[in-house]
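Visitor: run_17.txt is the file, holding compact mmCIF, C-alpha atoms and all ligand atoms:
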# COMPACT_ATOMS: atom_id res chain seq x y z
CA MET O 1 14.66 14.54 -10.08
CA ASN O 2 13.56 18.13 -10.35
CA LEU O 3 15.09 21.01 -8.40
CA LEU O 4 12.07 21.67 -6.22
CA TYR O 5 12.04 18.09 -5.12
CA LYS O 6 15.78 18.21 -4.30
CA VAL O 7 15.24 21.26 -2.08
CA TYR O 8 12.30 19.60 -0.36
CA ASP O 9 14.37 16.48 0.18
CA LYS O 10 17.25 18.51 1.70
CA CYS O 11 14.87 20.29 4.09
CA LEU O 12 13.50 16.98 5.30
CA ARG O 13 16.99 15.65 5.91
CA VAL O 14 17.85 18.69 8.05
CA LEU O 15 14.64 18.27 10.04
CA TYR O 16 15.11 14.56 10.42
CA PRO O 17 18.70 13.33 10.61
CA GLN O 18 19.11 9.96 8.94
CA THR O 19 17.86 7.24 11.22
CA CYS O 20 16.91 3.63 10.64
CA TYR O 21 13.36 3.54 9.27
CA PHE O 22 12.68 0.40 11.29
CA CYS O 23 13.91 1.18 14.81
CA GLY O 24 14.77 4.87 14.93
CA LYS O 25 18.47 4.48 15.72
CA ILE O 26 20.88 6.96 14.10
CA CYS O 27 22.17 5.22 11.01
CA ARG O 28 23.54 6.18 7.59
CA THR O 29 21.23 3.90 5.65
CA PRO O 30 17.43 3.64 5.78
CA ILE O 31 17.78 0.24 7.42
CA CYS O 32 20.36 -0.66 10.09
CA LYS O 33 22.22 -3.98 10.25
CA ASP O 34 20.14 -5.29 13.15
CA CYS O 35 16.85 -4.55 11.42
CA LEU O 36 18.05 -6.00 8.14
CA LYS O 37 18.25 -9.35 9.93
CA LYS O 38 14.74 -9.03 11.30
CA VAL O 39 12.92 -7.61 8.29
CA THR O 40 11.51 -10.26 5.95
CA TYR O 41 11.23 -9.43 2.27
CA ILE O 42 8.39 -11.37 0.66
CA LYS O 43 9.74 -14.03 -1.66
CA GLU O 44 8.40 -17.01 -3.56
CA PRO O 45 6.46 -19.16 -2.97
CA ARG O 46 3.59 -16.74 -2.62
CA CYS O 47 -0.13 -16.73 -3.31
CA LYS O 48 -0.75 -15.99 -7.00
CA LYS O 49 -3.58 -13.68 -6.04
CA CYS O 50 -2.73 -11.66 -2.95
CA GLY O 51 0.99 -12.38 -2.81
CA LYS O 52 1.02 -13.67 0.77
CA PRO O 53 3.81 -16.14 1.42
CA VAL O 54 2.56 -19.72 1.23
CA ARG O 55 4.24 -22.82 2.58
CA TYR O 56 4.77 -24.85 -0.60
CA ALA O 57 5.57 -23.91 -4.19
CA GLU O 58 2.77 -26.20 -5.44
CA GLN O 59 0.25 -24.20 -3.47
CA GLU O 60 -1.31 -21.78 -5.91
CA TYR O 61 -3.40 -19.74 -3.51
CA CYS O 62 -3.43 -18.92 0.18
CA GLN O 63 -6.24 -20.13 2.46
CA ASP O 64 -8.22 -16.90 1.93
CA CYS O 65 -7.87 -16.65 -1.85
CA LYS O 66 -8.69 -20.31 -2.39
CA LYS O 67 -12.29 -19.72 -1.41
CA ARG O 68 -13.16 -16.35 -2.86
CA GLU O 69 -13.54 -14.21 -5.94
CA THR O 70 -11.80 -10.87 -5.79
CA ALA O 71 -12.33 -7.73 -7.83
CA PHE O 72 -8.57 -7.36 -8.23
CA GLU O 73 -6.28 -9.49 -10.38
CA GLN O 74 -3.23 -9.75 -8.22
CA GLY O 75 -1.04 -7.87 -5.81
CA LYS O 76 2.38 -7.75 -4.24
CA SER O 77 3.91 -6.42 -1.04
CA ILE O 78 7.43 -5.65 0.18
CA TRP O 79 7.67 -7.07 3.71
CA LEU O 80 5.99 -9.40 6.12
CA HIS O 81 3.97 -7.42 8.64
CA LYS O 82 5.87 -8.12 11.83
CA GLY O 83 8.46 -6.66 14.21
CA PRO O 84 10.37 -3.67 12.85
CA VAL O 85 8.05 -3.35 9.84
CA THR O 86 5.04 -2.90 12.12
CA TRP O 87 6.95 -0.21 14.04
CA SER O 88 8.00 1.55 10.84
CA ILE O 89 4.50 1.71 9.38
CA TYR O 90 3.11 2.85 12.71
CA GLN O 91 5.56 5.77 12.79
CA PHE O 92 4.75 6.59 9.20
CA LYS O 93 1.00 6.59 9.84
CA TYR O 94 0.64 8.10 13.26
CA HIS O 95 3.88 9.94 14.03
CA ASN O 96 4.21 12.10 11.00
CA ARG O 97 7.23 10.29 9.55
CA ARG O 98 6.06 11.02 6.04
CA ILE O 99 9.60 10.73 4.76
CA PHE O 100 9.30 6.94 5.12
CA GLY O 101 6.84 7.05 2.24
CA GLU O 102 9.58 7.88 -0.21
CA PHE O 103 11.70 4.96 0.93
CA TYR O 104 8.73 2.58 0.70
CA ALA O 105 7.97 3.78 -2.82
CA LYS O 106 11.59 3.31 -3.88
CA GLU O 107 11.48 -0.25 -2.61
CA LEU O 108 8.20 -0.88 -4.44
CA TRP O 109 9.70 0.50 -7.62
CA ARG O 110 12.93 -1.50 -7.25
CA LEU O 111 11.07 -4.76 -6.60
CA TYR O 112 7.95 -4.36 -8.72
CA GLY O 113 8.76 -1.79 -11.40
CA LYS O 114 8.78 -4.62 -13.94
CA ASN O 115 5.32 -5.74 -12.81
CA LEU O 116 3.98 -2.21 -13.21
CA LYS O 117 5.19 -2.22 -16.82
CA ASN O 118 3.76 -5.67 -17.50
CA TRP O 119 0.44 -4.75 -15.97
CA ASN O 120 0.41 -1.67 -18.16
CA ILE O 121 -0.95 0.57 -15.41
CA ASP O 122 -2.81 3.70 -16.53
CA VAL O 123 -3.36 5.29 -13.14
CA ILE O 124 -2.40 4.82 -9.50
CA VAL O 125 -5.21 5.16 -6.95
CA PRO O 126 -4.35 5.22 -3.25
CA VAL O 127 -6.90 3.76 -0.82
CA PRO O 128 -8.63 6.87 0.54
CA LEU O 129 -9.17 7.80 4.17
CA HIS O 130 -12.45 9.19 5.35
CA TRP O 131 -12.13 12.99 5.35
CA LYS O 132 -12.65 13.08 9.12
CA ARG O 133 -9.78 10.69 9.69
CA LYS O 134 -7.59 12.54 7.20
CA ARG O 135 -8.30 15.79 8.99
CA VAL O 136 -7.24 14.34 12.33
CA ARG O 137 -4.10 12.67 10.95
CA GLY O 138 -3.25 15.48 8.57
CA TYR O 139 -2.43 13.20 5.65
CA ASN O 140 -3.30 9.95 3.99
CA GLN O 141 -0.33 7.58 4.20
CA ALA O 142 -1.38 5.61 1.10
CA GLU O 143 -1.52 8.84 -0.89
CA ILE O 144 2.08 9.70 0.05
CA ILE O 145 3.35 6.33 -1.17
CA ALA O 146 1.26 6.65 -4.33
CA HIS O 147 2.69 10.08 -5.17
CA HIS O 148 6.28 8.93 -4.74
CA LEU O 149 5.59 5.83 -6.81
CA GLY O 150 3.95 7.99 -9.45
CA ARG O 151 7.02 10.23 -9.60
CA LEU O 152 9.37 7.25 -9.93
CA SER O 153 7.31 5.40 -12.52
CA GLY O 154 5.88 8.32 -14.47
CA ILE O 155 2.37 6.87 -14.01
CA PRO O 156 -0.31 9.46 -13.15
CA VAL O 157 -1.82 9.39 -9.66
CA ASN O 158 -5.47 10.06 -8.96
CA ALA O 159 -5.98 10.39 -5.21
CA LYS O 160 -9.53 11.68 -5.62
CA ALA O 161 -11.00 8.96 -7.82
CA VAL O 162 -12.51 7.05 -4.91
CA GLN O 163 -13.76 8.40 -1.61
CA ARG O 164 -14.77 6.86 1.65
CA VAL O 165 -18.38 7.68 2.31
CA ARG O 166 -18.78 5.80 5.53
CA TYR O 167 -16.78 6.50 8.63
CA THR O 168 -15.66 2.95 9.26
CA ARG O 169 -14.24 1.62 12.49
CA PRO O 170 -10.56 0.69 12.31
CA GLN O 171 -10.37 -2.74 10.66
CA LYS O 172 -7.92 -4.04 13.24
CA GLU O 173 -10.61 -3.84 15.93
CA LEU O 174 -12.94 -6.18 14.05
CA ASN O 175 -13.23 -9.84 13.14
CA ASP O 176 -13.51 -10.95 9.52
CA LYS O 177 -17.31 -10.94 9.34
CA GLU O 178 -17.50 -7.50 10.93
CA ARG O 179 -14.78 -6.23 8.61
CA LYS O 180 -16.77 -7.11 5.51
CA LYS O 181 -19.89 -5.52 6.90
CA ASN O 182 -17.89 -2.50 7.97
CA LEU O 183 -16.65 -2.03 4.40
CA LYS O 184 -19.92 -2.58 2.60
CA GLU O 185 -20.60 0.54 0.60
CA ALA O 186 -17.69 2.25 2.33
CA PHE O 187 -16.32 3.51 -0.99
CA GLN O 188 -17.81 5.57 -3.77
CA ILE O 189 -16.53 6.80 -7.10
CA THR O 190 -16.19 10.58 -7.49
CA LYS O 191 -16.43 13.00 -10.42
CA HIS O 192 -12.62 13.01 -10.54
CA TRP O 193 -12.49 9.43 -11.83
CA LYS O 194 -11.51 9.29 -15.50
CA LYS O 195 -12.27 5.89 -16.94
CA VAL O 196 -9.12 3.92 -17.80
CA PRO O 197 -8.66 0.16 -18.16
CA HIS O 198 -5.76 -0.65 -15.82
CA VAL O 199 -5.58 0.61 -12.26
CA LEU O 200 -3.05 0.11 -9.50
CA ILE O 201 -4.37 0.46 -5.95
CA VAL O 202 -1.80 1.42 -3.33
CA ASP O 203 -2.15 0.93 0.42
CA ASP O 204 0.13 0.55 3.42
CA ILE O 205 -0.95 -2.80 4.89
CA TYR O 206 -2.73 -5.82 3.42
CA THR O 207 -4.48 -7.85 6.08
CA THR O 208 -7.56 -9.68 4.81
CA GLY O 209 -7.66 -7.83 1.52
CA ASN O 210 -11.23 -6.72 2.12
CA THR O 211 -10.39 -3.01 1.96
CA ILE O 212 -8.54 -3.25 -1.35
CA ASP O 213 -11.21 -5.55 -2.72
CA ALA O 214 -13.98 -3.10 -1.79
CA ALA O 215 -12.13 -0.22 -3.48
CA ALA O 216 -11.39 -2.39 -6.54
CA ARG O 217 -15.06 -3.36 -6.80
CA VAL O 218 -16.13 0.27 -7.02
CA LEU O 219 -13.56 0.95 -9.74
CA ARG O 220 -14.68 -2.13 -11.68
CA GLN O 221 -18.29 -1.03 -11.45
CA ASN O 222 -17.22 2.25 -13.00
CA GLY O 223 -15.35 1.04 -16.04
CA ALA O 224 -11.92 -0.12 -14.86
CA GLU O 225 -11.17 -3.50 -16.43
CA LYS O 226 -8.30 -4.83 -14.41
CA ILE O 227 -6.99 -3.86 -11.03
CA TRP O 228 -3.75 -4.73 -9.30
CA PHE O 229 -2.40 -3.61 -5.96
CA LEU O 230 0.85 -2.94 -4.14
CA THR O 231 1.24 -2.60 -0.38
CA ILE O 232 4.14 -2.11 1.97
CA SER O 233 3.44 -5.05 4.22
CA ILE O 234 1.32 -8.17 4.32
CA GLY O 235 0.52 -10.96 6.78
CA GLN O 236 1.62 -14.55 6.52
CA GLY O 237 -0.51 -16.81 4.32
CA PHE O 238 -0.36 -19.90 6.52
ZN ZN D 1 17.08 -0.47 12.77
ZN ZN D 2 -3.96 -15.07 -1.26
Would you kindly transcribe this structure into structure tokens?

Guide:
Amino acid sequence: MNLLYKVYDKCLRVLYPQTCYFCGKICRTPICKDCLKKVTYIKEPRCKKCGKPVRYAEQEYCQDCKKRETAFEQGKSIWLHKGPVTWSIYQFKYHNRRIFGEFYAKELWRLYGKNLKNWNIDVIVPVPLHWKRKRVRGYNQAEIIAHHLGRLSGIPVNAKAVQRVRYTRPQKELNDKERKKNLKEAFQITKHWKKVPHVLIVDDIYTTGNTIDAAARVLRQNGAEKIWFLTISIGQGF
């Protein structure tokens, strides 16, 4: 950890006294005892493609992955998207709790550091926000996680490789068919992309996977060979 980072970290702690990252109660650890009971870490059995929990170990893929081809190889997530996790990510995204990003990245690194080494990742690419949305929010939450993960893993981060060229409606407002249409040609490669074989895409939430797939497609079309992803939370696969 370099000195500048230590100072930055101290400043944040003064501004935000330690509270539970899942409910906001004052607490010495990032997660309080009550939330620890409610937060579900993703475990096996999970879909071999998207990592969503599946009901049986014999089940290779979830309902979605069974019937589709994806541009990415595989991905993993930390928690099931429900209860305190939903609250936490909401605060992180819309209430300026950027400090959560560091905790999320530490969890990703603790759980999936080995995967990152096996996948032999050359660069981390966060899912970009449209510039209009980024301007309103002030930051891209995926980028924050990516930078912390980059610092922990030593893997370079390229937050400018892909850009959103269409101002898409929030995915959560749409059904599956509309989501796909909404994302068609939503991403474009930029001049900042330097061709490397193995890319890790980072995002906050995995719902249908269409967003990550659309970003992965653009990278594949521009010379990336294999793409994996990591997200903070994911829905249930059954
Ligand atoms: Zn809590
Ligand atoms: Zn799946």

Visitor: How would you write, as a PyMOL selection string, the set of residues no farther than 8 Å from ligand ZN 2 (chain D) when counting all atoms listed in the file?

Guide: chain O and resi 46-52+61-66+237

Visitor: Neighbours of ligand ZN 1 (chain D) at 12 Å or closer, counting all atoms listed in the file: which residues, as an NGL selection string?

Guide: :O and (18-39 or 83-85 or 87-88)

Visitor: Excluding same-chain residues fewer than 5 positions from Thr207 in chain O, what lies within 9 Å of it counting all atoms listed in the file, as an mmCIF file with C-alpha atoms, in the coordinates of the input?

Guide:
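Dumped to result.cif:
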data_model
loop_
_atom_site.group_PDB
_atom_site.id
_atom_site.type_symbol
_atom_site.label_atom_id
_atom_site.label_comp_id
_atom_site.auth_asym_id
_atom_site.auth_seq_id
_atom_site.Cartn_x
_atom_site.Cartn_y
_atom_site.Cartn_z
ATOM 1 C CA HIS O 81 3.970 -7.420 8.640
ATOM 2 C CA LYS O 172 -7.920 -4.040 13.240
ATOM 3 C CA SER O 233 3.440 -5.050 4.220
ATOM 4 C CA ILE O 234 1.320 -8.170 4.320
ATOM 5 C CA GLY O 235 0.520 -10.960 6.780
#

Visitor: Counting only C-alpha atoms, I want the residues whose atoms come within 9 Å of (3.3, 9.3, 0.8) in the file frame, returned as a PyMOL selection string.

Guide: chain O and resi 92+98-102+104-105+139-149

Visitor: Once you add 6 Å to each side, what are the centre and edge lengths of the axis-aligned box holding all listed atoms of range 29-34 of chain O? One decimal in Å, as JSON, if you can.

Guide:
{"center_x": 19.8, "center_y": -0.7, "center_z": 9.4, "size_x": 16.8, "size_y": 21.2, "size_z": 19.5}

Visitor: Quick one: residues within 9 Å of range 116-126 of chain O, all atoms listed in the file counted, chain neighbours fewer than 2 positions away excluded, as a PyMOL selection string?

Guide: chain O and resi 109+112-114+128+140-147+149-150+153+155-162+196-203+226-228

Visitor: Which value, in Å to one decimal, gives the distance between CA of Ser77 in chain O and CA of Lys191 in chain O?

Guide: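 Interatomic distance here is 29.6 Å.
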
Visitor: Give me the residues within 12 Å of Tyr167 in chain O as a PyMOL selection string, counting only C-alpha atoms and dropping any in the same chain fewer than 4 places off.

Guide: chain O and resi 128-134+163+171+182-187

Visitor: Just how far from CA of Arg217 in chain O is CA of Thr190 in chain O, in Å to one decimal?

Guide: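 Going from CA of Thr190 in chain O over to CA of Arg217 in chain O covers 14.0 Å.
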
Visitor: Rank nothing, just name the residue among O:Asn96, O:Thr231, O:Thr86, O:Gln74 nearest to Leu111 in chain O, using all atoms listed in the file.

Guide: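 Of O:Asn96, O:Thr231, O:Thr86, O:Gln74, the one nearest Leu111 in chain O is O:Thr231, counting all atoms listed in the file.
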
Visitor: Could you check which of O:Gly154, O:Gly75, O:Arg55, O:Tyr90 is closest to Asn115 in chain O, using all atoms listed in the file?

Guide: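 Comparing O:Gly154, O:Gly75, O:Arg55, O:Tyr90 against Asn115 in chain O, the winner is O:Gly75.
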
Visitor: Go through O:Leu3, O:Lys93, O:Gln188, O:Leu80 and flag the residue nearest Val218 in chain O, using all atoms listed in the file for the distances.

Guide: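 With all atoms listed in the file as the atom set, the closest residue is O:Gln188.
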
Visitor: If I take CA of His192 in chain O and CA of Lys106 in chain O, how far is one from the other in Å, to one decimal?

Guide: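 These two atoms are separated by 26.9 Å.
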